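> Sharing model_11.pdb below, PDB, C-alpha atoms, pLDDT in the B column:
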```pdb
MODEL        1
ATOM      1  CA  GLU A   1      11.723 -29.221   3.687  1.00 42.00           C
ATOM      2  CA  GLU A   2       9.808 -30.710   0.777  1.00 47.00           C
ATOM      3  CA  MET A   3       8.967 -27.193  -0.368  1.00 49.00           C
ATOM      4  CA  ALA A   4      12.584 -25.997  -0.201  1.00 61.00           C
ATOM      5  CA  ARG A   5      12.834 -25.994  -3.988  1.00 70.00           C
ATOM      6  CA  GLN A   6      10.196 -25.711  -6.662  1.00 74.00           C
ATOM      7  CA  SER A   7      10.544 -26.575 -10.322  1.00 80.00           C
ATOM      8  CA  ILE A   8       8.475 -24.022 -12.223  1.00 85.00           C
ATOM      9  CA  ARG A   9       7.705 -24.364 -15.924  1.00 89.00           C
ATOM     10  CA  VAL A  10       7.589 -21.081 -17.823  1.00 94.00           C
ATOM     11  CA  SER A  11       5.343 -20.889 -20.894  1.00 96.00           C
ATOM     12  CA  GLY A  12       5.754 -17.207 -21.723  1.00 96.00           C
ATOM     13  CA  ALA A  13       7.148 -13.873 -20.570  1.00 97.00           C
ATOM     14  CA  GLY A  14       6.489 -10.266 -21.513  1.00 97.00           C
ATOM     15  CA  TRP A  15       7.757  -6.910 -20.325  1.00 97.00           C
ATOM     16  CA  VAL A  16       7.370  -3.168 -20.718  1.00 97.00           C
ATOM     17  CA  LEU A  17      10.381  -1.359 -19.276  1.00 96.00           C
ATOM     18  CA  PRO A  18      12.175   1.980 -19.638  1.00 94.00           C
ATOM     19  CA  SER A  19      14.593   0.200 -21.981  1.00 92.00           C
ATOM     20  CA  GLY A  20      11.793  -1.138 -24.201  1.00 93.00           C
ATOM     21  CA  SER A  21       9.245  -3.920 -24.461  1.00 94.00           C
ATOM     22  CA  GLY A  22       9.435  -7.503 -25.598  1.00 95.00           C
ATOM     23  CA  SER A  23       8.604 -11.140 -25.028  1.00 96.00           C
ATOM     24  CA  GLY A  24      10.360 -14.468 -24.721  1.00 94.00           C
ATOM     25  CA  THR A  25      13.512 -15.733 -23.068  1.00 91.00           C
ATOM     26  CA  ASP A  26      15.429 -12.445 -23.237  1.00 92.00           C
ATOM     27  CA  VAL A  27      13.820 -11.468 -19.928  1.00 92.00           C
ATOM     28  CA  PHE A  28      16.205 -13.874 -18.191  1.00 90.00           C
ATOM     29  CA  SER A  29      19.272 -11.980 -19.325  1.00 88.00           C
ATOM     30  CA  LEU A  30      18.360  -8.330 -19.948  1.00 85.00           C
ATOM     31  CA  PRO A  31      21.700  -6.569 -19.484  1.00 78.00           C
ATOM     32  CA  ASP A  32      20.315  -3.255 -18.274  1.00 73.00           C
ATOM     33  CA  VAL A  33      18.370  -4.384 -15.180  1.00 83.00           C
ATOM     34  CA  GLN A  34      21.094  -3.815 -12.602  1.00 81.00           C
ATOM     35  CA  ALA A  35      22.283  -0.719 -14.471  1.00 87.00           C
ATOM     36  CA  TRP A  36      18.866   0.984 -14.262  1.00 91.00           C
ATOM     37  CA  LYS A  37      18.886   4.630 -13.191  1.00 91.00           C
ATOM     38  CA  PRO A  38      15.921   6.735 -11.967  1.00 90.00           C
ATOM     39  CA  GLU A  39      16.081   9.049 -14.974  1.00 92.00           C
ATOM     40  CA  ASP A  40      15.460   6.055 -17.253  1.00 94.00           C
ATOM     41  CA  ASN A  41      11.797   6.059 -16.201  1.00 93.00           C
ATOM     42  CA  ALA A  42      11.178   9.102 -18.388  1.00 94.00           C
ATOM     43  CA  ALA A  43      11.197   6.780 -21.414  1.00 94.00           C
ATOM     44  CA  LEU A  44       7.801   5.381 -20.316  1.00 95.00           C
ATOM     45  CA  ALA A  45       6.075   8.765 -20.194  1.00 91.00           C
ATOM     46  CA  GLY A  46       2.922   8.568 -22.268  1.00 87.00           C
ATOM     47  CA  PHE A  47       3.110   4.799 -22.796  1.00 93.00           C
ATOM     48  CA  SER A  48      -0.187   3.440 -24.165  1.00 93.00           C
ATOM     49  CA  ALA A  49      -1.452  -0.121 -23.820  1.00 93.00           C
ATOM     50  CA  LYS A  50      -4.012   0.384 -26.595  1.00 93.00           C
ATOM     51  CA  PRO A  51      -2.086  -1.578 -29.289  1.00 93.00           C
ATOM     52  CA  TYR A  52      -1.940  -4.594 -26.974  1.00 93.00           C
ATOM     53  CA  LEU A  53      -5.602  -4.798 -25.915  1.00 91.00           C
ATOM     54  CA  ASN A  54      -8.900  -5.840 -27.453  1.00 86.00           C
ATOM     55  CA  SER A  55     -11.004  -3.707 -25.120  1.00 83.00           C
ATOM     56  CA  VAL A  56     -11.224   0.079 -24.934  1.00 71.00           C
ATOM     57  CA  LYS A  57     -10.177   1.696 -21.659  1.00 77.00           C
ATOM     58  CA  GLY A  58     -11.454   5.139 -20.726  1.00 76.00           C
ATOM     59  CA  TYR A  59      -8.586   5.638 -18.314  1.00 81.00           C
ATOM     60  CA  LEU A  60      -5.555   3.637 -17.200  1.00 86.00           C
ATOM     61  CA  ASP A  61      -2.982   4.436 -14.590  1.00 90.00           C
ATOM     62  CA  PRO A  62       0.505   3.962 -16.072  1.00 91.00           C
ATOM     63  CA  ALA A  63       0.904   0.934 -13.788  1.00 92.00           C
ATOM     64  CA  GLY A  64      -2.147  -0.701 -15.324  1.00 93.00           C
ATOM     65  CA  ALA A  65      -1.071   0.192 -18.853  1.00 94.00           C
ATOM     66  CA  CYS A  66       2.377  -1.374 -18.434  1.00 96.00           C
ATOM     67  CA  PHE A  67       1.017  -4.453 -16.677  1.00 96.00           C
ATOM     68  CA  LEU A  68      -1.735  -5.138 -19.220  1.00 96.00           C
ATOM     69  CA  ALA A  69       0.674  -4.748 -22.126  1.00 97.00           C
ATOM     70  CA  ALA A  70       3.212  -7.058 -20.466  1.00 97.00           C
ATOM     71  CA  ALA A  71       0.508  -9.690 -19.881  1.00 97.00           C
ATOM     72  CA  SER A  72      -0.525  -9.463 -23.538  1.00 97.00           C
ATOM     73  CA  LEU A  73       3.081  -9.919 -24.641  1.00 97.00           C
ATOM     74  CA  ALA A  74       3.547 -12.865 -22.279  1.00 97.00           C
ATOM     75  CA  THR A  75       0.539 -14.825 -23.532  1.00 96.00           C
ATOM     76  CA  ASP A  76       0.305 -13.649 -27.167  1.00 93.00           C
ATOM     77  CA  GLY A  77      -3.313 -14.841 -27.396  1.00 90.00           C
ATOM     78  CA  GLN A  78      -2.358 -18.428 -26.531  1.00 92.00           C
ATOM     79  CA  LEU A  79      -4.052 -18.604 -23.121  1.00 91.00           C
ATOM     80  CA  PRO A  80      -7.085 -20.962 -23.280  1.00 89.00           C
ATOM     81  CA  GLN A  81     -10.510 -19.350 -23.027  1.00 86.00           C
ATOM     82  CA  GLY A  82     -13.352 -20.621 -20.878  1.00 82.00           C
ATOM     83  CA  GLU A  83     -16.237 -22.414 -22.574  1.00 81.00           C
ATOM     84  CA  ASN A  84     -18.993 -20.360 -20.934  1.00 80.00           C
ATOM     85  CA  GLY A  85     -17.286 -17.324 -19.497  1.00 85.00           C
ATOM     86  CA  PRO A  86     -13.933 -16.749 -17.776  1.00 91.00           C
ATOM     87  CA  ASN A  87     -11.442 -19.612 -17.677  1.00 93.00           C
ATOM     88  CA  THR A  88     -11.674 -20.861 -14.072  1.00 94.00           C
ATOM     89  CA  ALA A  89      -8.447 -22.848 -14.515  1.00 95.00           C
ATOM     90  CA  ALA A  90      -6.384 -19.733 -15.283  1.00 97.00           C
ATOM     91  CA  GLY A  91      -5.373 -17.377 -12.477  1.00 97.00           C
ATOM     92  CA  MET A  92      -3.410 -14.245 -11.679  1.00 96.00           C
ATOM     93  CA  CYS A  93      -0.839 -13.242  -9.070  1.00 97.00           C
ATOM     94  CA  SER A  94       0.311  -9.629  -9.172  1.00 96.00           C
ATOM     95  CA  MET A  95       2.927  -7.831  -7.112  1.00 96.00           C
ATOM     96  CA  THR A  96       3.728  -4.179  -6.509  1.00 95.00           C
ATOM     97  CA  ARG A  97       5.608  -2.309  -3.833  1.00 93.00           C
ATOM     98  CA  TYR A  98       4.173   1.151  -4.423  1.00 92.00           C
ATOM     99  CA  GLY A  99       0.875   0.596  -6.257  1.00 88.00           C
ATOM    100  CA  ALA A 100      -0.499   3.395  -8.414  1.00 84.00           C
ATOM    101  CA  PRO A 101       0.366   6.601  -6.532  1.00 82.00           C
ATOM    102  CA  GLY A 102       0.198   8.839  -9.597  1.00 81.00           C
ATOM    103  CA  THR A 103      -3.542   8.423  -9.997  1.00 72.00           C
ATOM    104  CA  GLY A 104      -4.049   8.679  -6.243  1.00 76.00           C
ATOM    105  CA  LEU A 105      -2.330  12.060  -6.237  1.00 75.00           C
ATOM    106  CA  LYS A 106      -4.217  13.170  -9.316  1.00 74.00           C
ATOM    107  CA  PHE A 107      -7.560  12.333  -7.705  1.00 70.00           C
ATOM    108  CA  TYR A 108      -6.566  14.035  -4.449  1.00 73.00           C
ATOM    109  CA  ASP A 109      -5.524  17.149  -6.345  1.00 76.00           C
ATOM    110  CA  MET A 110      -8.923  17.264  -8.083  1.00 71.00           C
ATOM    111  CA  LEU A 111     -10.662  16.711  -4.764  1.00 78.00           C
ATOM    112  CA  VAL A 112      -8.847  19.656  -3.177  1.00 81.00           C
ATOM    113  CA  LYS A 113      -9.160  22.039  -6.125  1.00 83.00           C
ATOM    114  CA  LYS A 114     -12.648  21.168  -7.411  1.00 83.00           C
ATOM    115  CA  GLY A 115     -14.343  19.659  -4.377  1.00 82.00           C
ATOM    116  CA  PRO A 116     -15.798  16.173  -3.845  1.00 80.00           C
ATOM    117  CA  ARG A 117     -18.690  16.712  -6.266  1.00 77.00           C
ATOM    118  CA  PHE A 118     -16.409  17.342  -9.238  1.00 77.00           C
ATOM    119  CA  ALA A 119     -13.475  15.006  -8.617  1.00 73.00           C
ATOM    120  CA  SER A 120     -13.633  12.408 -11.393  1.00 76.00           C
ATOM    121  CA  PRO A 121     -15.029   9.058 -10.183  1.00 74.00           C
ATOM    122  CA  LEU A 122     -13.196   7.403 -13.096  1.00 74.00           C
ATOM    123  CA  LEU A 123      -9.835   8.004 -11.453  1.00 74.00           C
ATOM    124  CA  PHE A 124     -10.353   6.733  -7.931  1.00 71.00           C
ATOM    125  CA  PRO A 125     -10.598   2.960  -8.672  1.00 74.00           C
ATOM    126  CA  HIS A 126      -7.357   3.139 -10.647  1.00 76.00           C
ATOM    127  CA  SER A 127      -5.464   4.309  -7.558  1.00 78.00           C
ATOM    128  CA  TYR A 128      -5.842   0.935  -5.805  1.00 81.00           C
ATOM    129  CA  SER A 129      -2.808  -1.309  -5.593  1.00 84.00           C
ATOM    130  CA  ASN A 130      -4.802  -4.298  -6.882  1.00 88.00           C
ATOM    131  CA  THR A 131      -6.382  -2.610  -9.909  1.00 89.00           C
ATOM    132  CA  ALA A 132      -3.723  -3.556 -12.473  1.00 92.00           C
ATOM    133  CA  GLY A 133      -4.013  -7.270 -11.671  1.00 93.00           C
ATOM    134  CA  ASN A 134      -7.798  -7.107 -11.593  1.00 93.00           C
ATOM    135  CA  LEU A 135      -7.924  -5.395 -14.980  1.00 92.00           C
ATOM    136  CA  ALA A 136      -5.658  -8.077 -16.442  1.00 94.00           C
ATOM    137  CA  ALA A 137      -7.905 -10.805 -15.014  1.00 94.00           C
ATOM    138  CA  ILE A 138     -10.899  -9.170 -16.716  1.00 92.00           C
ATOM    139  CA  GLU A 139      -9.082  -8.490 -19.989  1.00 93.00           C
ATOM    140  CA  PHE A 140      -7.780 -12.046 -20.364  1.00 94.00           C
ATOM    141  CA  GLU A 141     -10.786 -13.740 -18.706  1.00 94.00           C
ATOM    142  CA  LEU A 142      -8.874 -15.269 -15.823  1.00 96.00           C
ATOM    143  CA  GLY A 143     -11.500 -16.737 -13.512  1.00 95.00           C
ATOM    144  CA  GLY A 144      -9.157 -18.863 -11.409  1.00 96.00           C
ATOM    145  CA  PRO A 145      -7.137 -18.164  -8.230  1.00 97.00           C
ATOM    146  CA  HIS A 146      -6.184 -14.526  -7.725  1.00 96.00           C
ATOM    147  CA  MET A 147      -3.666 -12.976  -5.338  1.00 96.00           C
ATOM    148  CA  VAL A 148      -2.172  -9.515  -4.875  1.00 95.00           C
ATOM    149  CA  PHE A 149       1.087  -8.875  -3.014  1.00 95.00           C
ATOM    150  CA  TYR A 150       1.479  -5.241  -2.000  1.00 93.00           C
ATOM    151  CA  GLY A 151       4.446  -3.758  -0.161  1.00 90.00           C
ATOM    152  CA  SER A 152       7.884  -5.180   0.554  1.00 87.00           C
ATOM    153  CA  SER A 153       7.096  -8.867  -0.055  1.00 87.00           C
ATOM    154  CA  ASP A 154       9.834 -11.237  -1.180  1.00 89.00           C
ATOM    155  CA  ALA A 155       9.506 -11.529  -4.958  1.00 89.00           C
ATOM    156  CA  ARG A 156       9.591 -15.326  -4.655  1.00 89.00           C
ATOM    157  CA  GLU A 157       6.263 -15.328  -2.793  1.00 91.00           C
ATOM    158  CA  ALA A 158       4.305 -14.598  -5.967  1.00 93.00           C
ATOM    159  CA  PHE A 159       5.863 -17.557  -7.769  1.00 91.00           C
ATOM    160  CA  HIS A 160       5.384 -19.780  -4.733  1.00 89.00           C
ATOM    161  CA  PHE A 161       1.670 -18.938  -4.637  1.00 93.00           C
ATOM    162  CA  ALA A 162       1.243 -19.615  -8.350  1.00 94.00           C
ATOM    163  CA  ALA A 163       3.252 -22.861  -8.256  1.00 91.00           C
ATOM    164  CA  GLN A 164       1.141 -24.132  -5.356  1.00 92.00           C
ATOM    165  CA  ARG A 165      -2.079 -23.525  -7.315  1.00 95.00           C
ATOM    166  CA  LEU A 166      -0.655 -25.429 -10.274  1.00 94.00           C
ATOM    167  CA  GLU A 167       0.568 -28.285  -8.085  1.00 92.00           C
ATOM    168  CA  GLU A 168      -2.717 -28.730  -6.230  1.00 94.00           C
ATOM    169  CA  GLY A 169      -4.710 -28.580  -9.472  1.00 94.00           C
ATOM    170  CA  THR A 170      -6.848 -25.519  -8.738  1.00 96.00           C
ATOM    171  CA  ALA A 171      -5.256 -23.906 -11.798  1.00 96.00           C
ATOM    172  CA  SER A 172      -3.620 -25.120 -14.988  1.00 96.00           C
ATOM    173  CA  ASP A 173      -2.286 -21.688 -15.952  1.00 97.00           C
ATOM    174  CA  MET A 174      -1.125 -18.757 -13.824  1.00 97.00           C
ATOM    175  CA  LEU A 175       0.106 -15.308 -14.775  1.00 98.00           C
ATOM    176  CA  VAL A 176       2.644 -13.890 -12.325  1.00 97.00           C
ATOM    177  CA  GLY A 177       3.580 -10.254 -12.726  1.00 97.00           C
ATOM    178  CA  ALA A 178       4.915  -7.085 -11.173  1.00 97.00           C
ATOM    179  CA  TYR A 179       4.318  -3.422 -11.902  1.00 96.00           C
ATOM    180  CA  GLU A 180       5.350   0.017 -10.713  1.00 96.00           C
ATOM    181  CA  ALA A 181       4.530   3.547 -11.840  1.00 93.00           C
ATOM    182  CA  THR A 182       6.036   5.861  -9.274  1.00 90.00           C
ATOM    183  CA  THR A 183       6.405   9.611  -9.474  1.00 83.00           C
ATOM    184  CA  ASP A 184       8.838  11.978  -7.780  1.00 79.00           C
ATOM    185  CA  THR A 185       6.061  13.449  -5.627  1.00 80.00           C
ATOM    186  CA  ALA A 186       4.634  10.102  -4.527  1.00 77.00           C
ATOM    187  CA  LEU A 187       7.691   8.730  -2.716  1.00 79.00           C
ATOM    188  CA  PRO A 188      10.083  10.088  -0.087  1.00 78.00           C
ATOM    189  CA  ASP A 189      12.947  12.212  -1.375  1.00 80.00           C
ATOM    190  CA  GLY A 190      15.655  10.179  -3.030  1.00 77.00           C
ATOM    191  CA  LEU A 191      13.512   7.055  -3.430  1.00 82.00           C
ATOM    192  CA  VAL A 192      12.514   6.096  -6.975  1.00 84.00           C
ATOM    193  CA  ALA A 193      11.527   2.670  -8.308  1.00 91.00           C
ATOM    194  CA  MET A 194      12.016   1.073 -11.704  1.00 95.00           C
ATOM    195  CA  ASN A 195       8.748   1.692 -13.542  1.00 96.00           C
ATOM    196  CA  GLY A 196       7.124  -0.718 -15.959  1.00 97.00           C
ATOM    197  CA  GLY A 197       5.592  -4.164 -15.942  1.00 97.00           C
ATOM    198  CA  VAL A 198       6.787  -7.735 -16.298  1.00 97.00           C
ATOM    199  CA  VAL A 199       4.563 -10.829 -16.537  1.00 98.00           C
ATOM    200  CA  VAL A 200       5.476 -14.515 -16.601  1.00 97.00           C
ATOM    201  CA  TRP A 201       3.036 -17.178 -17.785  1.00 97.00           C
ATOM    202  CA  LEU A 202       3.263 -20.486 -15.928  1.00 96.00           C
ATOM    203  CA  SER A 203       1.435 -23.614 -17.055  1.00 95.00           C
ATOM    204  CA  ASN A 204       1.298 -27.322 -16.266  1.00 93.00           C
ATOM    205  CA  ARG A 205      -0.619 -28.236 -19.430  1.00 94.00           C
ATOM    206  CA  THR A 206       1.273 -30.571 -21.762  1.00 91.00           C
ATOM    207  CA  ASP A 207       0.058 -28.614 -24.799  1.00 93.00           C
ATOM    208  CA  ALA A 208       1.319 -25.253 -23.485  1.00 93.00           C
ATOM    209  CA  PRO A 209       4.551 -23.705 -24.790  1.00 93.00           C
ATOM    210  CA  GLU A 210       7.698 -24.228 -22.719  1.00 92.00           C
ATOM    211  CA  LEU A 211      10.343 -21.506 -22.661  1.00 91.00           C
ATOM    212  CA  THR A 212      12.364 -22.851 -19.767  1.00 90.00           C
ATOM    213  CA  THR A 213      12.147 -24.334 -16.281  1.00 88.00           C
ATOM    214  CA  MET A 214      13.007 -22.337 -13.182  1.00 88.00           C
ATOM    215  CA  GLU A 215      14.463 -24.092 -10.142  1.00 84.00           C
ATOM    216  CA  MET A 216      13.613 -21.748  -7.292  1.00 81.00           C
ATOM    217  CA  ASP A 217      15.124 -22.022  -3.828  1.00 74.00           C
ATOM    218  CA  LEU A 218      12.501 -21.018  -1.254  1.00 68.00           C
ATOM    219  CA  ASP A 219      14.616 -21.469   1.891  1.00 66.00           C
ATOM    220  CA  GLU A 220      17.510 -19.325   0.781  1.00 68.00           C
ATOM    221  CA  THR A 221      17.815 -16.027   2.644  1.00 64.00           C
ATOM    222  CA  PRO A 222      16.365 -13.339   0.362  1.00 68.00           C
ATOM    223  CA  ALA A 223      18.962 -11.335  -1.518  1.00 72.00           C
ATOM    224  CA  ASP A 224      18.883  -7.541  -1.371  1.00 77.00           C
ATOM    225  CA  TRP A 225      16.912  -7.389  -4.606  1.00 77.00           C
ATOM    226  CA  ALA A 226      14.048  -9.513  -3.231  1.00 78.00           C
ATOM    227  CA  ARG A 227      12.583  -6.623  -1.215  1.00 81.00           C
ATOM    228  CA  SER A 228      14.410  -3.818  -2.956  1.00 85.00           C
ATOM    229  CA  PRO A 229      13.144  -0.226  -2.545  1.00 88.00           C
ATOM    230  CA  LYS A 230      13.667  -0.078  -6.319  1.00 91.00           C
ATOM    231  CA  GLY A 231      10.298  -1.835  -6.468  1.00 93.00           C
ATOM    232  CA  SER A 232       8.694  -5.089  -7.520  1.00 95.00           C
ATOM    233  CA  VAL A 233       9.588  -4.837 -11.211  1.00 96.00           C
ATOM    234  CA  PHE A 234      13.278  -4.603 -10.340  1.00 94.00           C
ATOM    235  CA  ALA A 235      12.872  -7.450  -7.823  1.00 93.00           C
ATOM    236  CA  MET A 236      11.059  -9.749 -10.233  1.00 94.00           C
ATOM    237  CA  LEU A 237      13.505  -9.144 -13.065  1.00 94.00           C
ATOM    238  CA  SER A 238      16.358  -9.878 -10.670  1.00 91.00           C
ATOM    239  CA  LEU A 239      14.591 -13.074  -9.603  1.00 90.00           C
ATOM    240  CA  LEU A 240      14.169 -14.219 -13.196  1.00 91.00           C
ATOM    241  CA  GLN A 241      17.843 -13.629 -13.898  1.00 89.00           C
ATOM    242  CA  THR A 242      18.810 -15.481 -10.711  1.00 86.00           C
ATOM    243  CA  PHE A 243      16.657 -18.595 -11.156  1.00 85.00           C
ATOM    244  CA  GLY A 244      15.783 -18.613 -14.847  1.00 79.00           C
ATOM    245  CA  GLY A 245      17.663 -18.902 -18.090  1.00 60.00           C
TER     246      GLY A 245
ENDMDL
END
```
Would you put the structure from the file into structure tokens?

Amino acid sequence: EEMARQSIRVSGAGWVLPSGSGSGTDVFSLPDVQAWKPEDNAALAGFSAKPYLNSVKGYLDPAGACFLAAASLATDGQLPQGENGPNTAAGMCSMTRYGAPGTGLKFYDMLVKKGPRFASPLLFPHSYSNTAGNLAAIEFELGGPHMVFYGSSDAREAFHFAAQRLEEGTASDMLVGAYEATTDTALPDGLVAMNGGVVVWLSNRTDAPELTTMEMDLDETPADWARSPKGSVFAMLSLLQTFGG
């Protein structure tokens, strides 16, 4: 019962969505979330994370590109760096319902058409459901707790995990984010998710920025959006608009 509600301090937020990208408190009231339509995803075709990153990537699945850019927007270079390597007090919790099916299909197509010797080894690692979060941990030198939720998890679980790490002191900063990059051929007919990425930066440091505080009810029966087939980005945005602001 003590864990029924959690007070979660938000230090930053960033997003890359079909409707555009941005950072700050607007994520708690974006008017187009519930009005999203499958055809809106076309606006993210060809999105590049290059302007948001310091490193050079040879290849990125669209899921990774959106997630990395959203993480960059959420932190804006304000996340503390480790003294001798990755910051072991900063962690990552990522969530996706469908992973990175586009790259998986692309690799499979090469495997079938060119054979196993000529299918690009650069593509295969980017088809994993945990790659986007792992790449963000490397890019932003997050050496602390790391968790990946894949499938139809309740969107609140990611925030619960992060808040627990902050409360117990194994982390002082946590990035919590969701991403999707579905394609028509990767999902059953008639099922399409909201593509993009959204990342929220949580911190318990007194010197960290404070956008708002979220009071999250963990015992409440999950609403339809919590495990929505529209994907984790839709679910997390709905969560932020339900508990944030």
> Residues around (2.2, -19.5, -20.6), cut-off 7 Å, counting only C-alpha atoms - what are they as a ChimeraX atom specification?
/A:10-12,74-75,79,173,201-203,208-209
> Based on the selection just made, write C-alpha atoms of those residues as a compact mmCIF listing (two decimals), keeping the file's coordinate frame.

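Result saved to out16.txt:
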```txt
# COMPACT_ATOMS: atom_id res chain seq x y z
CA VAL A 10 7.59 -21.08 -17.82
CA SER A 11 5.34 -20.89 -20.89
CA GLY A 12 5.75 -17.21 -21.72
CA ALA A 74 3.55 -12.86 -22.28
CA THR A 75 0.54 -14.82 -23.53
CA LEU A 79 -4.05 -18.60 -23.12
CA ASP A 173 -2.29 -21.69 -15.95
CA TRP A 201 3.04 -17.18 -17.78
CA LEU A 202 3.26 -20.49 -15.93
CA SER A 203 1.44 -23.61 -17.06
CA ALA A 208 1.32 -25.25 -23.48
CA PRO A 209 4.55 -23.70 -24.79
```
> Neighbouring residues of range 61-69 of chain A were defined as those with any atom within 7 Å, considering all atoms listed in the file; residues of the same chain fewer than 3 positions away were excluded. Please report them as a list of chain:residue names.
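Close residues of range 61-69 of chain A: A:Val16, A:Ser48, A:Ala49, A:Tyr52, A:Ser72, A:Leu73, A:Ala100, A:Thr103, A:His126, A:Ala132, A:Ala136, A:Tyr179, A:Glu180, A:Ala181, A:Gly196, A:Gly197, A:Val198.
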> Those same residues, written as a PDB file, in the coordinates of the input with C-alpha atoms?

```
ATOM      1  CA  VAL A  16       7.370  -3.168 -20.718  1.00 97.00           C
ATOM      2  CA  SER A  48      -0.187   3.440 -24.165  1.00 93.00           C
ATOM      3  CA  ALA A  49      -1.452  -0.121 -23.820  1.00 93.00           C
ATOM      4  CA  TYR A  52      -1.940  -4.594 -26.974  1.00 93.00           C
ATOM      5  CA  SER A  72      -0.525  -9.463 -23.538  1.00 97.00           C
ATOM      6  CA  LEU A  73       3.081  -9.919 -24.641  1.00 97.00           C
ATOM      7  CA  ALA A 100      -0.499   3.395  -8.414  1.00 84.00           C
ATOM      8  CA  THR A 103      -3.542   8.423  -9.997  1.00 72.00           C
ATOM      9  CA  HIS A 126      -7.357   3.139 -10.647  1.00 76.00           C
ATOM     10  CA  ALA A 132      -3.723  -3.556 -12.473  1.00 92.00           C
ATOM     11  CA  ALA A 136      -5.658  -8.077 -16.442  1.00 94.00           C
ATOM     12  CA  TYR A 179       4.318  -3.422 -11.902  1.00 96.00           C
ATOM     13  CA  GLU A 180       5.350   0.017 -10.713  1.00 96.00           C
ATOM     14  CA  ALA A 181       4.530   3.547 -11.840  1.00 93.00           C
ATOM     15  CA  GLY A 196       7.124  -0.718 -15.959  1.00 97.00           C
ATOM     16  CA  GLY A 197       5.592  -4.164 -15.942  1.00 97.00           C
ATOM     17  CA  VAL A 198       6.787  -7.735 -16.298  1.00 97.00           C
TER      18      VAL A 198
END
```
> Rank A:Met95, A:Ala71, A:Leu187, A:Leu166 by their smallest atom-to-atom distance to Ala13 in chain A, using only C-alpha atoms, and report the top residue only.
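Once distances to Ala13 in chain A are computed over only C-alpha atoms, the minimum belongs to A:Ala71.
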> CA of Gly14 in chain A and CA of Thr212 in chain A, how far apart in Å?
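Here the two named atoms are 14.0 Å from each other.
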> Take CA of Gly144 in chain A and CA of Gln81 in chain A and report the distance between them in Å, one decimal.
11.7 Å
